[in-house]
Amino acid sequence: MTCIWNKTFTDNVSRFKIRFPELYKLVETEIQKVKFNFEQYEKQINHRSLPEDKEAILEILNSVFPFWNFLYSKSGEITAKENDVFLHSAYSPQKEAVRLFQQKPESDVSYIFAGIGLGYSPVEFAKASPDSLLIIIEPDSKYLLASMSVLDWSAIFSHKKCIIITGSLPEQTVPFIENLSPLDKIKVITQNSQTQHDTLWFKTFFTLLERNRQKQNINNNTLERFSSLWLRNSARNIHWFAKTQGISIYKNMLNKKYPSLIVAAGPTLQDTIPLLHELKKRTVLIAVDTALKTLLKNNIQPDFVVLIDPQYYAACHIAGLSAPESVLVTESSVYPSALRFNFRKKVFCESLFPLGRYFEQNLLQEKTFGKITAGGSVSTSCWDFAKYIGSKNIYIAGLDLGYPDKKTHVKGSTFEERSYMFSNRLNTAENNLCSILFSTQNETSFDYENNPIITDSKMKLFAWWFESQIAKEKESSDDESQKIKTFSLSKKSLKIPGMLTAKPEDLLNLPEIEKKKKEILHNTEQTAINFSEQDFKAVYDNLINMLKSLYSTAKKGLAICQKILSEPMAIAEQKAKHSFAELSKIDSEILSSKAKDTASLVFPTNRQLEAILKKQPKYSSEIISSIVKSKVIYEELIKSIKKYMENLK
């Protein structure tokens, strides 16, 4: 009788062990179980007289992997059913997979096979596209091993860009993939029949992947649109580095002993405002920039105001306001006018952009001002700051992430006042607010009492950020007393899984900490800035010199490329070959330059660079095409450095 154990599974497992030794160790116990079961069932069948070896193979497979019903297709290849649904074609599974890749896959695109059934598709893909990144995802290793028991996987194991992911959580898998490939360069191949064994896992994975893809797309759009503004703001704010401390002076100052209260500008903040005077005595009060006007109208000055967004309209949120008892937490690329408003103190968090990071690292001996994780919203920044300062628990008022009772913002907030400020007879404030409520981008979700609430995809993205961070916090320690819990003070807000609810009145039972809070703030703010203005000037001068050197190197590379491309094709190819070593040296100098990362802010994104390259003349010669690409990169780098130098003047 044909022994399937010796014929297919053993060979695949041997190759698997050689190619992925660490992954093999993780699933070795499961492999030994499968091996044992194969041997036992083969012994039983050997004692019986079966008309065909093929039937014996099916019987063994169905016994070892009872979650599938193995059978032969019309073409004689093995296929399978799960819950009476075919995983592959009932006629010819292999032809079905071959047809999928009749058009050669794009080499610069990464392909994810999420759920693989018996593995026909990834095997054929590995044969058709040896240069594309191949990612196989099967959360349950039993299903992965079942696939290896049917087909020869040698094409997969010999594929030079192959990754297999098994036994991981969706929350771990998506960031791992993001490190392997830009999400806009990923294609997912999947079938419902092949993911039905773990629907929840795959649903979560696809949701997270799409959310991260949206986030990456938003980041690219934002970078392309605002990079020049960020550079201009950062350059204008450079002098603040010489006299501004970082949020690092507040790191863990509360030591998990005292709670924080974040105040956002959602409409449900109205319900909490009457209690805020008392709540401030019992918590560290952190306000988003859009809520400051409402707080000041009610004679409440928060302990901290967070304003991270570099755009002009963000500075308008605090324009004309005065909060001499509050600390402004901001970033070095913020719109310059924001740093001129009257606050008790201003502190920087770690810069999101290269120019700010350069000064931080060189002035603070490779340290930073203190990092706040960017979640895309000032409310996410507030939450991360509350965690950073060592809050015991975090309460949030006005974080609605939707429009409860069809209201858009709390009364007196910057958003509401601007609606009235710019209204007229033909374009009333009510019309402006209605346009928000009835936008085609809106969708319906649910609050904490399962009542419908209008929201949109962007706010749901922020909700997911909170959900993921709260989930991480739950797993951060075995000691429950060290875990930070997050509470919404309104049940009318968009429900965020993992975020608990609390009544504002319940916080009145907390002990007053006003005196202790002032003492903590006073002690932390005694930390001196440990560099002089001379140090600052030296760092600035060094940056200018490095940018000039980088500019000169890029000009040299550009001149070589232009000279090659000005020649007839035959001569150009010869010159390109002779210039290869010199261009490689120039590229190496650029890549090793410390100014390279600083200049990258206004360098085109990948998709912008691709658009520029598409407009270039097309050459059949591969070496000349690479010279064209190098020429474009040198040109864009020169433009970026020029823009920097103009702003730094």
# chains A, B, ... in the order shown; residues from 1 in each chain; ligands from 1
call {"tool": "residues_around", "arguments": {"residues": "Phe113 (chain A)", "least_positions_apart": "2", "cutoff": "8 Å", "atoms": "only C-alpha atoms", "output": "ChimeraX atom specification"}}
result
/A:111,115-116,122,134-137,188-190
call {"tool": "select_by_dssp", "arguments": {"residues": "region 8-235 of chain A", "states": "helix (DSSP H, G or I)", "output": "PyMOL selection string"}}
result
chain A and resi 8-19+21-46+53-64+93-100+120-128+141-148+154-157+170-180+183-185+192-235
call {"tool": "atom_distance", "arguments": {"atom1": "CA of Gln616 (chain A)", "atom2": "CA of Tyr634 (chain A)"}}
result
14.1 Å
call {"tool": "closest_residue", "arguments": {"among": "A:Tyr358, A:Phe9, A:Trp465, A:Phe206", "to": "Ala146 (chain A)", "atoms": "only C-alpha atoms"}}
result
A:Phe9
call {"tool": "closest_atom_pairs", "arguments": {"of": "region 507-587 of chain A", "to": "region 226-247 of chain A", "cutoff": "7 Å", "atoms": "only C-alpha atoms", "output": "tab-separated table"}}
result
residue	atom	partner	partner_atom	distance
A:Ile529	CA	A:Gln245	CA	6.4
A:Glu533	CA	A:Ala242	CA	5.9
A:Phe536	CA	A:Ala242	CA	6.1
call {"tool": "write_last_selection", "arguments": {"atoms": "all heavy atoms", "output": "PDB file, in the first residue's frame"}}
result
ATOM      1  N   ILE A 529      17.114  72.617  32.056  1.00  0.00           N
ATOM      2  CA  ILE A 529      17.515  72.279  30.688  1.00  0.00           C
ATOM      3  C   ILE A 529      19.034  72.094  30.693  1.00  0.00           C
ATOM      4  O   ILE A 529      19.768  72.973  31.155  1.00  0.00           O
ATOM      5  CB  ILE A 529      17.115  73.408  29.714  1.00  0.00           C
ATOM      6  CG1 ILE A 529      15.584  73.520  29.650  1.00  0.00           C
ATOM      7  CG2 ILE A 529      17.686  73.159  28.326  1.00  0.00           C
ATOM      8  CD1 ILE A 529      15.077  74.683  28.834  1.00  0.00           C
ATOM      9  N   GLU A 533      22.772  77.767  24.935  1.00  0.00           N
ATOM     10  CA  GLU A 533      22.479  78.329  23.613  1.00  0.00           C
ATOM     11  C   GLU A 533      23.633  78.075  22.650  1.00  0.00           C
ATOM     12  O   GLU A 533      23.422  77.941  21.447  1.00  0.00           O
ATOM     13  CB  GLU A 533      22.189  79.830  23.732  1.00  0.00           C
ATOM     14  CG  GLU A 533      20.837  80.104  24.372  1.00  0.00           C
ATOM     15  CD  GLU A 533      20.357  81.532  24.142  1.00  0.00           C
ATOM     16  OE1 GLU A 533      20.852  82.188  23.211  1.00  0.00           O
ATOM     17  OE2 GLU A 533      19.495  81.984  24.911  1.00  0.00           O
ATOM     18  N   PHE A 536      23.086  74.706  21.255  1.00  0.00           N
ATOM     19  CA  PHE A 536      22.025  74.788  20.247  1.00  0.00           C
ATOM     20  C   PHE A 536      22.588  75.309  18.924  1.00  0.00           C
ATOM     21  O   PHE A 536      22.312  74.757  17.858  1.00  0.00           O
ATOM     22  CB  PHE A 536      20.900  75.695  20.755  1.00  0.00           C
ATOM     23  CG  PHE A 536      19.882  76.053  19.704  1.00  0.00           C
ATOM     24  CD1 PHE A 536      18.908  75.152  19.331  1.00  0.00           C
ATOM     25  CD2 PHE A 536      19.925  77.288  19.075  1.00  0.00           C
ATOM     26  CE1 PHE A 536      17.983  75.476  18.354  1.00  0.00           C
ATOM     27  CE2 PHE A 536      19.009  77.622  18.100  1.00  0.00           C
ATOM     28  CZ  PHE A 536      18.032  76.712  17.743  1.00  0.00           C
TER      29      PHE A 536
END
call {"tool": "select_by_dssp", "arguments": {"residues": "region 338-368 of chain A", "states": "strand (DSSP E)", "output": "list in words"}}
result
Asn342, Phe343, Arg344, Lys345, Lys346, Val347 and Phe348 of chain A
call {"tool": "write_last_selection", "arguments": {"atoms": "C-alpha atoms", "output": "CSV table (one decimal), in the first residue's frame"}}
result
chain,number,residue,atom,x,y,z
A,342,ASN,CA,-0.4,82.8,27.5
A,343,PHE,CA,0.2,79.5,29.4
A,344,ARG,CA,2.0,78.9,32.7
A,345,LYS,CA,4.5,76.7,30.9
A,346,LYS,CA,5.0,75.1,27.5
A,347,VAL,CA,6.6,71.6,27.0
A,348,PHE,CA,7.4,69.6,23.9
call {"tool": "atom_distance", "arguments": {"atom1": "CA of Ile586 (chain A)", "atom2": "CA of Glu622 (chain A)"}}
result
20.1 Å
